[in-house]
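Peer 1: target.pdb is the file, holding PDB, C-alpha atoms:
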```pdb
ATOM      1  CA  MET S   1     102.097  -1.689 -21.046
ATOM      2  CA  GLU S   2      98.936  -0.947 -19.119
ATOM      3  CA  ILE S   3      98.378  -0.635 -15.372
ATOM      4  CA  VAL S   4      95.221  -2.728 -15.229
ATOM      5  CA  MET S   5      94.780  -2.585 -11.460
ATOM      6  CA  PRO S   6      96.892  -1.222  -8.580
ATOM      7  CA  ASP S   7     100.203  -3.132  -8.501
ATOM      8  CA  THR S   8      99.175  -5.143 -11.584
ATOM      9  CA  TYR S   9     100.989  -4.356 -14.830
ATOM     10  CA  PHE S  10     100.052  -6.003 -18.117
ATOM     11  CA  PHE S  11     102.916  -6.374 -20.597
ATOM     12  CA  PRO S  12     102.106  -7.863 -24.043
ATOM     13  CA  SER S  13     104.159 -10.871 -25.087
ATOM     14  CA  LYS S  14     106.360  -8.816 -27.424
ATOM     15  CA  ALA S  15     107.185  -6.219 -24.776
ATOM     16  CA  ILE S  16     110.297  -7.933 -23.376
ATOM     17  CA  SER S  17     112.046  -8.083 -26.756
ATOM     18  CA  ARG S  18     111.219  -4.412 -27.364
ATOM     19  CA  PHE S  19     112.575  -3.454 -23.942
ATOM     20  CA  LYS S  20     115.825  -5.313 -24.611
ATOM     21  CA  LYS S  21     116.230  -3.490 -27.931
ATOM     22  CA  ARG S  22     115.630  -0.215 -26.118
ATOM     23  CA  ALA S  23     118.253  -1.191 -23.529
ATOM     24  CA  LYS S  24     120.816  -1.699 -26.306
ATOM     25  CA  LEU S  25     120.006   1.762 -27.631
ATOM     26  CA  ILE S  26     120.424   3.265 -24.143
ATOM     27  CA  HIS S  27     123.770   1.449 -23.839
ATOM     28  CA  ARG S  28     125.035   2.949 -27.107
ATOM     29  CA  GLU S  29     123.808   6.449 -26.288
ATOM     30  CA  THR S  30     124.797   6.678 -22.610
ATOM     31  CA  GLY S  31     127.446   4.025 -22.041
ATOM     32  CA  LYS S  32     125.370   2.334 -19.338
ATOM     33  CA  THR S  33     125.590  -1.442 -19.178
ATOM     34  CA  HIS S  34     122.785  -3.511 -20.657
ATOM     35  CA  ASN S  35     121.601  -4.548 -17.185
ATOM     36  CA  GLU S  36     121.649  -0.966 -15.936
ATOM     37  CA  ALA S  37     119.542   0.054 -18.916
ATOM     38  CA  LEU S  38     117.010  -2.700 -18.183
ATOM     39  CA  GLU S  39     116.770  -1.574 -14.565
ATOM     40  CA  GLU S  40     116.172   1.989 -15.766
ATOM     41  CA  ILE S  41     113.355   0.830 -18.060
ATOM     42  CA  ALA S  42     111.677  -1.033 -15.197
ATOM     43  CA  ARG S  43     111.875   1.982 -12.894
ATOM     44  CA  GLY S  44     110.293   4.050 -15.655
ATOM     45  CA  PHE S  45     107.131   1.963 -15.141
ATOM     46  CA  GLY S  46     107.228   2.500 -11.402
ATOM     47  CA  LEU S  47     108.653  -0.957 -10.701
ATOM     48  CA  PRO S  48     111.596  -1.463  -8.332
ATOM     49  CA  ASN S  49     113.724  -3.480 -10.767
ATOM     50  CA  TRP S  50     113.862  -5.517 -13.976
ATOM     51  CA  HIS S  51     113.096  -8.754 -12.142
ATOM     52  CA  HIS S  52     109.701  -7.430 -11.050
ATOM     53  CA  LEU S  53     108.949  -6.386 -14.619
ATOM     54  CA  THR S  54     109.678  -9.902 -15.902
ATOM     55  CA  LEU S  55     107.357 -11.366 -13.257
ATOM     56  CA  HIS S  56     104.512  -9.181 -14.514
ATOM     57  CA  ALA S  57     105.403 -10.042 -18.117
ATOM     58  CA  ASP S  58     105.334 -13.761 -17.333
ATOM     59  CA  ALA S  59     101.913 -13.460 -15.677
ATOM     60  CA  SER S  60     100.701 -11.445 -18.668
ATOM     61  CA  ARG S  61     101.940 -14.121 -21.086
ATOM     62  CA  HIS S  62     100.002 -16.855 -19.277
ATOM     63  CA  CYS S  63      96.975 -14.573 -19.360
ATOM     64  CA  GLU S  64      97.309 -14.121 -23.135
ATOM     65  CA  LEU S  65      97.449 -17.894 -23.633
ATOM     66  CA  ALA S  66      94.329 -18.397 -21.529
ATOM     67  CA  PHE S  67      92.522 -15.625 -23.387
ATOM     68  CA  ALA S  68      93.337 -17.131 -26.798
ATOM     69  CA  ASN S  69      92.623 -20.758 -25.917
ATOM     70  CA  ASP S  70      90.281 -20.904 -22.953
ATOM     71  CA  LEU S  71      87.178 -19.456 -21.304
ATOM     72  CA  ILE S  72      86.873 -16.056 -19.598
ATOM     73  CA  VAL S  73      83.757 -14.736 -17.816
ATOM     74  CA  ALA S  74      82.977 -11.158 -16.746
ATOM     75  CA  TYR S  75      80.763 -10.269 -13.780
ATOM     76  CA  ASP S  76      79.933  -6.965 -12.169
ATOM     77  CA  LEU S  77      81.198  -6.393  -8.640
ATOM     78  CA  LYS S  78      78.016  -7.551  -6.925
ATOM     79  CA  GLU S  79      77.388 -10.734  -8.914
ATOM     80  CA  ALA S  80      81.077 -11.674  -8.869
ATOM     81  CA  GLU S  81      80.695 -12.649  -5.220
ATOM     82  CA  ASN S  82      78.642 -15.677  -6.318
ATOM     83  CA  VAL S  83      81.115 -17.104  -8.837
ATOM     84  CA  ASP S  84      82.060 -20.729  -8.192
ATOM     85  CA  THR S  85      85.785 -20.423  -7.440
ATOM     86  CA  ALA S  86      86.203 -24.161  -7.939
ATOM     87  CA  LEU S  87      85.474 -23.590 -11.630
ATOM     88  CA  PHE S  88      86.829 -20.073 -12.225
ATOM     89  CA  THR S  89      89.683 -18.041 -10.765
ATOM     90  CA  GLU S  90      89.864 -14.256 -10.796
ATOM     91  CA  ASN S  91      92.783 -12.852 -12.784
ATOM     92  CA  LEU S  92      93.493  -9.121 -12.682
ATOM     93  CA  TYR S  93      95.828  -9.318 -15.667
ATOM     94  CA  LEU S  94      92.844 -10.102 -17.888
ATOM     95  CA  PHE S  95      91.925  -6.425 -17.797
ATOM     96  CA  GLY S  96      94.884  -5.807 -20.081
ATOM     97  CA  LEU S  97      93.007  -7.748 -22.783
ATOM     98  CA  CYS S  98      89.336  -7.322 -21.848
ATOM     99  CA  ARG S  99      89.025  -3.736 -20.625
ATOM    100  CA  LYS S 100      88.946  -2.077 -24.072
ATOM    101  CA  PRO S 101      86.295  -4.484 -25.466
ATOM    102  CA  LEU S 102      84.156  -3.818 -22.383
ATOM    103  CA  ILE S 103      84.485  -0.052 -22.866
ATOM    104  CA  ALA S 104      83.564  -0.401 -26.555
ATOM    105  CA  ARG S 105      80.548  -2.519 -25.605
ATOM    106  CA  PHE S 106      79.226   0.144 -23.236
ATOM    107  CA  ARG S 107      79.897   2.877 -25.789
ATOM    108  CA  ASP S 108      78.134   1.044 -28.639
ATOM    109  CA  GLY S 109      75.227   0.082 -26.400
ATOM    110  CA  ASP S 110      74.534   3.621 -25.200
ATOM    111  CA  GLU S 111      70.919   4.252 -26.228
ATOM    112  CA  ASP S 112      70.850   7.917 -25.263
ATOM    113  CA  LYS S 113      71.164   9.543 -28.675
ATOM    114  CA  TRP S 114      71.178  13.107 -27.415
ATOM    115  CA  GLU S 115      73.337  12.953 -24.301
ATOM    116  CA  PRO S 116      75.666   9.945 -24.478
ATOM    117  CA  GLU S 117      77.873   9.152 -21.519
ATOM    118  CA  SER S 118      81.429  10.462 -21.445
ATOM    119  CA  GLU S 119      84.378   8.218 -22.256
ATOM    120  CA  THR S 120      85.398   8.451 -18.605
ATOM    121  CA  GLU S 121      82.021   7.022 -17.599
ATOM    122  CA  TYR S 122      82.407   4.093 -20.010
ATOM    123  CA  GLU S 123      85.808   3.400 -18.461
ATOM    124  CA  ARG S 124      84.334   3.540 -14.963
ATOM    125  CA  MET S 125      81.602   1.080 -15.966
ATOM    126  CA  ALA S 126      84.193  -1.343 -17.366
ATOM    127  CA  ASP S 127      86.281  -1.097 -14.200
ATOM    128  CA  GLU S 128      83.293  -2.258 -12.153
ATOM    129  CA  TYR S 129      83.666  -5.740 -13.609
ATOM    130  CA  ARG S 130      85.724  -8.659 -12.353
ATOM    131  CA  LEU S 131      87.229 -11.173 -14.752
ATOM    132  CA  PHE S 132      87.624 -14.894 -14.157
ATOM    133  CA  VAL S 133      89.438 -17.601 -16.107
ATOM    134  CA  ARG S 134      88.476 -21.264 -16.144
ATOM    135  CA  THR S 135      90.331 -23.293 -13.510
ATOM    136  CA  GLY S 136      92.227 -26.481 -14.401
ATOM    137  CA  GLY S 137      91.252 -29.336 -16.685
ATOM    138  CA  THR S 138      90.896 -29.241 -20.447
ATOM    139  CA  ALA S 139      89.535 -26.166 -22.182
ATOM    140  CA  PRO S 140      86.114 -26.677 -23.837
ATOM    141  CA  GLU S 141      86.500 -27.433 -27.545
ATOM    142  CA  LYS S 142      82.906 -26.679 -28.534
ATOM    143  CA  LEU S 143      80.928 -23.508 -27.967
ATOM    144  CA  GLU S 144      78.006 -25.402 -26.437
ATOM    145  CA  ASP S 145      80.393 -26.937 -23.889
ATOM    146  CA  ALA S 146      81.708 -23.467 -23.070
ATOM    147  CA  VAL S 147      78.159 -22.154 -22.588
ATOM    148  CA  GLU S 148      77.328 -25.076 -20.288
ATOM    149  CA  LEU S 149      80.398 -24.328 -18.194
ATOM    150  CA  VAL S 150      79.503 -20.632 -18.066
ATOM    151  CA  GLN S 151      76.030 -21.575 -16.823
ATOM    152  CA  SER S 152      77.672 -23.498 -13.989
ATOM    153  CA  SER S 153      79.910 -20.604 -12.982
ATOM    154  CA  SER S 154      77.266 -18.760 -10.959
ATOM    155  CA  PHE S 155      73.568 -18.574 -10.185
ATOM    156  CA  PHE S 156      73.492 -15.357 -12.223
ATOM    157  CA  PRO S 157      74.616 -15.687 -15.862
ATOM    158  CA  PRO S 158      77.335 -13.247 -16.993
ATOM    159  CA  GLU S 159      76.501 -10.535 -19.495
ATOM    160  CA  VAL S 160      79.528 -11.427 -21.599
ATOM    161  CA  PHE S 161      82.201 -14.076 -21.840
ATOM    162  CA  TRP S 162      85.207 -14.799 -24.037
ATOM    163  CA  TRP S 163      85.818 -18.206 -25.577
ATOM    164  CA  LYS S 164      89.052 -18.709 -27.503
ATOM    165  CA  GLY S 165      89.514 -14.962 -27.832
ATOM    166  CA  THR S 166      86.013 -14.176 -29.160
ATOM    167  CA  LEU S 167      83.607 -12.022 -27.164
ATOM    168  CA  TYR S 168      80.076 -13.412 -26.764
ATOM    169  CA  GLU S 169      76.935 -11.714 -25.491
ATOM    170  CA  GLY S 170      75.501 -13.739 -22.613
ATOM    171  CA  LEU S 171      74.291 -17.314 -22.772
ATOM    172  CA  GLY S 172      72.688 -16.713 -26.159
ATOM    173  CA  ALA S 173      76.267 -17.034 -27.412
ATOM    174  CA  HIS S 174      75.994 -14.284 -29.995
ATOM    175  CA  PRO S 175      79.526 -13.291 -31.018
ATOM    176  CA  VAL S 176      80.374  -9.604 -31.012
ATOM    177  CA  LEU S 177      81.867  -9.419 -34.488
ATOM    178  CA  PRO S 178      84.871  -7.197 -35.149
ATOM    179  CA  GLN S 179      84.480  -4.272 -37.485
ATOM    180  CA  GLN S 180      85.030  -5.344 -41.086
ATOM    181  CA  PRO S 181      87.660  -3.398 -43.061
ATOM    182  CA  ILE S 182      86.087  -0.874 -45.421
ATOM    183  CA  PRO S 183      86.905  -1.538 -49.102
ATOM    184  CA  GLU S 184      88.498   1.473 -50.757
ATOM    185  CA  HIS S 185      85.854   1.712 -53.490
ATOM    186  CA  LEU S 186      83.102   1.985 -50.862
ATOM    187  CA  MET S 187      84.943   4.596 -48.821
ATOM    188  CA  SER S 188      85.534   6.610 -51.990
ATOM    189  CA  ALA S 189      81.873   6.409 -53.030
ATOM    190  CA  PHE S 190      80.337   7.083 -49.610
ATOM    191  CA  GLY S 191      82.764   9.729 -48.386
ATOM    192  CA  ALA S 192      84.466   9.915 -45.004
ATOM    193  CA  PRO S 193      82.011   9.728 -42.081
ATOM    194  CA  ALA S 194      81.785  12.711 -39.759
ATOM    195  CA  ARG S 195      83.323  12.788 -36.314
ATOM    196  CA  GLY S 196      81.455  10.478 -33.966
ATOM    197  CA  GLU S 197      80.304   8.282 -36.862
ATOM    198  CA  LYS S 198      81.747   5.117 -38.354
ATOM    199  CA  LEU S 199      81.106   3.394 -41.642
ATOM    200  CA  ILE S 200      80.017  -0.228 -41.347
ATOM    201  CA  SER S 201      80.923  -2.403 -44.297
ATOM    202  CA  PRO S 202      78.601  -5.157 -45.543
ATOM    203  CA  GLN S 203      79.744  -8.672 -44.654
ATOM    204  CA  VAL S 204      79.865  -9.672 -48.329
ATOM    205  CA  SER S 205      80.578  -7.346 -51.222
ATOM    206  CA  ALA S 206      77.512  -7.098 -53.407
ATOM    207  CA  SER S 207      79.681  -6.952 -56.511
ATOM    208  CA  LYS S 208      80.867 -10.499 -55.834
ATOM    209  CA  GLY S 209      77.587 -12.227 -55.120
ATOM    210  CA  THR S 210      73.864 -12.284 -55.507
ATOM    211  CA  GLY S 211      70.981 -11.754 -53.176
ATOM    212  CA  VAL S 212      68.894 -14.299 -51.364
ATOM    213  CA  ASN S 213      66.852 -15.048 -54.487
ATOM    214  CA  GLY S 214      69.832 -15.380 -56.800
ATOM    215  CA  ASN S 215      69.191 -11.873 -58.110
ATOM    216  CA  VAL S 216      72.068  -9.389 -58.155
ATOM    217  CA  ALA S 217      69.593  -6.578 -57.503
ATOM    218  CA  ASP S 218      68.783  -8.145 -54.134
ATOM    219  CA  SER S 219      72.359  -7.391 -53.067
ATOM    220  CA  TYR S 220      71.652  -3.652 -53.124
ATOM    221  CA  SER S 221      69.548  -1.309 -51.049
ATOM    222  CA  TYR S 222      68.173   2.068 -52.085
ATOM    223  CA  CYS S 223      67.877   5.188 -49.952
ATOM    224  CA  ILE S 224      64.640   7.010 -50.751
ATOM    225  CA  HIS S 225      66.075  10.097 -49.041
ATOM    226  CA  CYS S 226      69.077  10.685 -51.335
ATOM    227  CA  GLU S 227      67.924   8.321 -54.129
ATOM    228  CA  ARG S 228      71.208   6.427 -54.320
ATOM    229  CA  ALA S 229      71.921   2.706 -54.096
ATOM    230  CA  TYR S 230      74.449   0.943 -51.892
ATOM    231  CA  PRO S 231      75.448  -2.656 -51.043
ATOM    232  CA  GLU S 232      72.995  -4.377 -48.733
ATOM    233  CA  GLY S 233      74.269  -4.259 -45.146
ATOM    234  CA  ALA S 234      76.302  -1.052 -45.414
ATOM    235  CA  TYR S 235      75.384   1.815 -43.109
ATOM    236  CA  ARG S 236      76.791   4.725 -41.123
ATOM    237  CA  GLN S 237      76.750   4.216 -37.357
ATOM    238  CA  LYS S 238      75.981   7.280 -35.241
ATOM    239  CA  LEU S 239      75.307   6.349 -31.629
ATOM    240  CA  SER S 240      72.380   3.921 -31.930
ATOM    241  CA  TRP S 241      71.265   5.206 -35.348
ATOM    242  CA  GLN S 242      71.965   3.328 -38.563
ATOM    243  CA  LEU S 243      72.117   6.006 -41.230
ATOM    244  CA  CYS S 244      72.482   5.923 -44.992
ATOM    245  CA  PRO S 245      76.152   5.133 -45.731
ATOM    246  CA  TYR S 246      76.557   8.247 -47.879
ATOM    247  CA  ALA S 247      78.208  10.863 -45.672
ATOM    248  CA  ASP S 248      76.126  13.762 -47.032
ATOM    249  CA  CYS S 249      72.767  12.045 -46.411
ATOM    250  CA  ASP S 250      70.836  11.858 -43.144
ATOM    251  CA  GLY S 251      68.454   9.142 -44.299
ATOM    252  CA  ASP S 252      67.783   6.165 -42.041
ATOM    253  CA  THR S 253      68.516   2.641 -43.290
ATOM    254  CA  VAL S 254      65.487   1.340 -41.416
ATOM    255  CA  ILE S 255      62.705   3.681 -42.527
ATOM    256  CA  ASP S 256      64.260   5.083 -45.735
ATOM    257  CA  ASN S 257      65.487   1.784 -47.146
ATOM    258  CA  TRP S 258      63.936   0.140 -50.212
ATOM    259  CA  GLY S 259      65.245  -2.812 -52.153
ATOM    260  CA  TRP S 260      66.940  -2.012 -55.451
ATOM    261  CA  ARG S 261      64.864  -4.673 -57.199
ATOM    262  CA  ARG S 262      61.701  -2.775 -56.296
ATOM    263  CA  ILE S 263      63.138   0.431 -57.769
ATOM    264  CA  ARG S 264      64.111  -1.403 -60.974
ATOM    265  CA  LYS S 265      60.654  -2.921 -61.261
ATOM    266  CA  GLU S 266      59.142   0.562 -61.345
ATOM    267  CA  ASN S 267      62.026   1.931 -63.437
ATOM    268  CA  PRO S 268      62.909  -0.823 -65.948
ATOM    269  CA  GLY S 269      65.527   1.351 -67.594
ATOM    270  CA  TYR S 270      67.770   1.273 -64.518
ATOM    271  CA  PRO S 271      70.742  -1.159 -64.536
ATOM    272  CA  GLU S 272      70.667  -4.425 -62.635
ATOM    273  CA  VAL S 273      73.847  -3.388 -60.831
ATOM    274  CA  PRO S 274      73.563   0.270 -59.802
ATOM    275  CA  GLU S 275      76.560   2.558 -59.895
ATOM    276  CA  LEU S 276      77.586   3.769 -56.461
ATOM    277  CA  GLY S 277      77.130   7.480 -55.881
ATOM    278  CA  VAL S 278      74.794   7.945 -58.853
ATOM    279  CA  GLN S 279      71.375   9.378 -58.131
ATOM    280  CA  TYR S 280      68.486   7.322 -59.495
ATOM    281  CA  PRO S 281      65.194   9.247 -59.098
ATOM    282  CA  MET S 282      62.368   7.151 -57.707
ATOM    283  CA  HIS S 283      60.207   8.339 -60.596
ATOM    284  CA  GLY S 284      62.674   8.197 -63.472
ATOM    285  CA  PRO S 285      61.973   8.924 -67.159
ATOM    286  CA  ASN S 286      60.736   5.356 -67.728
ATOM    287  CA  TYR S 287      58.766   5.132 -64.496
ATOM    288  CA  VAL S 288      55.992   2.557 -64.462
ATOM    289  CA  ALA S 289      53.462   2.997 -61.689
ATOM    290  CA  PRO S 290      52.766  -0.220 -59.782
ATOM    291  CA  LYS S 291      49.442  -1.759 -60.593
ATOM    292  CA  ASN S 292      46.788  -1.872 -57.927
ATOM    293  CA  PRO S 293      45.619  -5.355 -57.038
ATOM    294  CA  LYS S 294      42.431  -6.309 -58.814
ATOM    295  CA  GLN S 295      39.403  -5.724 -56.711
ATOM    296  CA  LYS S 296      36.496  -8.106 -56.961
ATOM    297  CA  THR S 297      33.293  -6.352 -57.861
ATOM    298  CA  LYS S 298      30.125  -7.387 -56.165
ATOM    299  CA  ARG S 299      27.347  -8.554 -58.401
ATOM    300  CA  LYS S 300      24.353  -6.317 -58.229
ATOM    301  CA  SER S 301      21.309  -8.041 -56.897
ATOM    302  CA  LYS S 302      18.305  -7.859 -59.114
TER     303      LYS S 302
END
```
What does the file become when written as structure tokens?

Peer 2:
Amino acid sequence: MEIVMPDTYFFPSKAISRFKKRAKLIHRETGKTHNEALEEIARGFGLPNWHHLTLHADASRHCELAFANDLIVAYDLKEAENVDTALFTENLYLFGLCRKPLIARFRDGDEDKWEPESETEYERMADEYRLFVRTGGTAPEKLEDAVELVQSSSFFPPEVFWWKGTLYEGLGAHPVLPQQPIPEHLMSAFGAPARGEKLISPQVSASKGTGVNGNVADSYSYCIHCERAYPEGAYRQKLSWQLCPYADCDGDTVIDNWGWRRIRKENPGYPEVPELGVQYPMHGPNYVAPKNPKQKTKRKSK
């Protein structure tokens, strides 16, 4: 349960069944009737009785259905005044589903590398938004239809909206993708990230595919700082930095990143598929210096 706004309590759809199981346990331990136990649970949330709790739970359930199947828009307090209420209706219960993604968005978008905002500040920023759900009619089935409806919601476009449970950044309709689970072999090779960092897994495992040119080597990147290879797309997130995925390296995947194919071209003895965690010197024992492009010589005039 989460108190999303004053006098507004969000209860997930499974909460009622859990509360009833808890009431049975209270009945066995204290001898109170099942109804008395339910009333006690409701008062524990600051509600006058069980009936009020079920009203909040019912409103929360309808909110969950709208979130999963319909269109939600988020506006800051000032711009929310211009939302077309014939198309969208404000729903405070939506904060139970949307508040954490908003907080995460502010946290991930903090560009101050040295003095990031506090978690309390991110929460305050999220609470300065108002959430609206589409009013009546049939939910848009296509993303372009959802974007068109969002455009009609207000003169000012929202920074984010949710369509069928997916968060999108503005009218460009770029989905904010969830964090991919980290395969165990990558976590073992890279090491656990430090506090305040998180390891981002590549979308596709390099061991199961090839690069853009059909070359397995194109599926791997190479850090010139620690001289180790890693699957293309893996990195360690620290504030707005994208660091080498190896926990003991402070290389940058933007400026210290070379393609593995380039390293192999200059070191033909290296394997096509590099072993994770193994150091491959840039100038290995079989290093072949790249040839300079041929320069045209000017003919001497007689």

Peer 1: For a quick check of understanding, using only C-alpha atoms, which of S:Phe67, S:Trp50, S:Tyr235, S:Tyr270 has the smallest distance to Thr166 of chain S?

Peer 2: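 Going through S:Phe67, S:Trp50, S:Tyr235, S:Tyr270 one by one, the smallest distance to Thr166 of chain S is for S:Phe67.
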
Peer 1: Write out as a ChimeraX atom specification each polymer residue whose atoms come within 9 Å of Ser153 of chain S, counting all atoms listed in the file; drop sequence neighbours fewer than 2 positions from it.

Peer 2: /S:73,82-88,148-151,155-158

Peer 1: Which one of S:Gly259, S:Gly191, S:Pro101, S:Gly284 sits closest to Trp162 of chain S if you count only C-alpha atoms?

Peer 2: S:Pro101

Peer 1: For a test of reading the model, state the distance in Å between atom CA of Phe132 of chain S and atom CA of Thr89 of chain S, rounded to one decimal.

Peer 2: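 These two atoms are separated by 5.1 Å.
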
Peer 1: Please determine an axis-aligned box that encloses all atoms of segment 152-157 of chain S listed in the file, with 6 Å added on each side, and express its centre and edge lengths in Å to one decimal as JSON.

Peer 2:
```
{"center_x": 76.7, "center_y": -19.4, "center_z": -13.0, "size_x": 18.4, "size_y": 20.1, "size_z": 17.7}
```

Peer 1: As a check of understanding, name the residues that the PyMOL selection byres ((chain S and resi 11) around 6) selects in the supplied structure, as JSON, numbers by chain.

Peer 2: {"S": [1, 10, 12, 15, 57, 60]}

Peer 1: Keeping C-alpha atoms, export the residues of the selection given above as a tab-separated table (two decimals), keeping the file's coordinate frame.

Peer 2:
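Final file, part20.tsv:
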```tsv
chain	number	residue	atom	x	y	z
S	1	MET	CA	102.10	-1.69	-21.05
S	10	PHE	CA	100.05	-6.00	-18.12
S	12	PRO	CA	102.11	-7.86	-24.04
S	15	ALA	CA	107.18	-6.22	-24.78
S	57	ALA	CA	105.40	-10.04	-18.12
S	60	SER	CA	100.70	-11.44	-18.67
```

Peer 1: Rank S:Arg134, S:Arg105, S:Lys238, S:Arg61 by their smallest atom-to-atom distance to Tyr93 of chain S, using only C-alpha atoms, and report the top residue only.

Peer 2: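 Closest residue, counting only C-alpha atoms: S:Arg61.
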
Peer 1: I'd like the contact shell of Ala146 of chain S - 10 Å cut-off, all atoms listed in the file, skipping same-chain residues fewer than 3 positions apart - returned as a PyMOL selection string.

Peer 2: chain S and resi 70-72+134+139-143+149-152+161-164+171+173

Peer 1: Please report the interatomic distance between atom CA of Cys244 of chain S and atom CA of Cys223 of chain S in Å with one decimal.

Peer 2: 6.8 Å

Peer 1: Could you add all heavy atoms to segment 128-134 of chain S and give me the result as an mmCIF file, keeping the file's coordinate frame?

Peer 2:
```cif
data_model
loop_
_atom_site.group_PDB
_atom_site.id
_atom_site.type_symbol
_atom_site.label_atom_id
_atom_site.label_comp_id
_atom_site.auth_asym_id
_atom_site.auth_seq_id
_atom_site.Cartn_x
_atom_site.Cartn_y
_atom_site.Cartn_z
ATOM 1 N N GLU S 128 84.145 -1.668 -13.181
ATOM 2 C CA GLU S 128 83.293 -2.258 -12.153
ATOM 3 C C GLU S 128 83.004 -3.733 -12.434
ATOM 4 O O GLU S 128 82.084 -4.313 -11.865
ATOM 5 C CB GLU S 128 81.987 -1.471 -12.036
ATOM 6 C CG GLU S 128 82.175 -0.093 -11.408
ATOM 7 C CD GLU S 128 80.858 0.605 -11.135
ATOM 8 O OE1 GLU S 128 79.824 0.132 -11.650
ATOM 9 O OE2 GLU S 128 80.868 1.615 -10.411
ATOM 10 N N TYR S 129 83.795 -4.313 -13.315
ATOM 11 C CA TYR S 129 83.666 -5.740 -13.609
ATOM 12 C C TYR S 129 84.867 -6.497 -13.052
ATOM 13 O O TYR S 129 85.959 -5.937 -12.897
ATOM 14 C CB TYR S 129 83.565 -5.978 -15.119
ATOM 15 C CG TYR S 129 82.160 -5.838 -15.647
ATOM 16 C CD1 TYR S 129 81.565 -4.583 -15.744
ATOM 17 C CD2 TYR S 129 81.413 -6.944 -16.015
ATOM 18 C CE1 TYR S 129 80.269 -4.443 -16.206
ATOM 19 C CE2 TYR S 129 80.112 -6.812 -16.482
ATOM 20 C CZ TYR S 129 79.553 -5.562 -16.571
ATOM 21 O OH TYR S 129 78.270 -5.430 -17.019
ATOM 22 N N ARG S 130 84.645 -7.767 -12.760
ATOM 23 C CA ARG S 130 85.724 -8.659 -12.353
ATOM 24 C C ARG S 130 85.793 -9.793 -13.368
ATOM 25 O O ARG S 130 84.767 -10.280 -13.854
ATOM 26 C CB ARG S 130 85.481 -9.197 -10.938
ATOM 27 C CG ARG S 130 85.606 -8.114 -9.871
ATOM 28 C CD ARG S 130 85.090 -8.573 -8.522
ATOM 29 N NE ARG S 130 85.855 -9.704 -7.993
ATOM 30 C CZ ARG S 130 85.561 -10.323 -6.841
ATOM 31 N NH1 ARG S 130 84.514 -9.912 -6.127
ATOM 32 N NH2 ARG S 130 86.293 -11.332 -6.415
ATOM 33 N N LEU S 131 86.998 -10.203 -13.685
ATOM 34 C CA LEU S 131 87.229 -11.173 -14.752
ATOM 35 C C LEU S 131 87.794 -12.468 -14.180
ATOM 36 O O LEU S 131 88.704 -12.450 -13.350
ATOM 37 C CB LEU S 131 88.185 -10.590 -15.790
ATOM 38 C CG LEU S 131 87.659 -9.330 -16.493
ATOM 39 C CD1 LEU S 131 88.787 -8.589 -17.185
ATOM 40 C CD2 LEU S 131 86.577 -9.694 -17.501
ATOM 41 N N PHE S 132 87.246 -13.580 -14.664
ATOM 42 C CA PHE S 132 87.624 -14.894 -14.157
ATOM 43 C C PHE S 132 87.998 -15.805 -15.323
ATOM 44 O O PHE S 132 87.362 -15.778 -16.381
ATOM 45 C CB PHE S 132 86.464 -15.528 -13.381
ATOM 46 C CG PHE S 132 86.027 -14.752 -12.172
ATOM 47 C CD1 PHE S 132 85.216 -13.632 -12.303
ATOM 48 C CD2 PHE S 132 86.426 -15.136 -10.897
ATOM 49 C CE1 PHE S 132 84.801 -12.909 -11.191
ATOM 50 C CE2 PHE S 132 86.017 -14.421 -9.782
ATOM 51 C CZ PHE S 132 85.208 -13.307 -9.929
ATOM 52 N N VAL S 133 89.012 -16.635 -15.107
ATOM 53 C CA VAL S 133 89.438 -17.601 -16.107
ATOM 54 C C VAL S 133 89.122 -19.001 -15.593
ATOM 55 O O VAL S 133 89.143 -19.257 -14.387
ATOM 56 C CB VAL S 133 90.947 -17.462 -16.409
ATOM 57 C CG1 VAL S 133 91.787 -17.727 -15.165
ATOM 58 C CG2 VAL S 133 91.361 -18.373 -17.550
ATOM 59 N N ARG S 134 88.805 -19.888 -16.518
ATOM 60 C CA ARG S 134 88.476 -21.264 -16.144
ATOM 61 C C ARG S 134 89.629 -21.901 -15.386
ATOM 62 O O ARG S 134 90.792 -21.693 -15.702
ATOM 63 C CB ARG S 134 88.170 -22.073 -17.411
ATOM 64 C CG ARG S 134 87.627 -23.477 -17.165
ATOM 65 C CD ARG S 134 87.639 -24.256 -18.463
ATOM 66 N NE ARG S 134 88.987 -24.344 -18.995
ATOM 67 C CZ ARG S 134 89.885 -25.241 -18.603
ATOM 68 N NH1 ARG S 134 89.576 -26.128 -17.675
ATOM 69 N NH2 ARG S 134 91.091 -25.253 -19.129
#
```
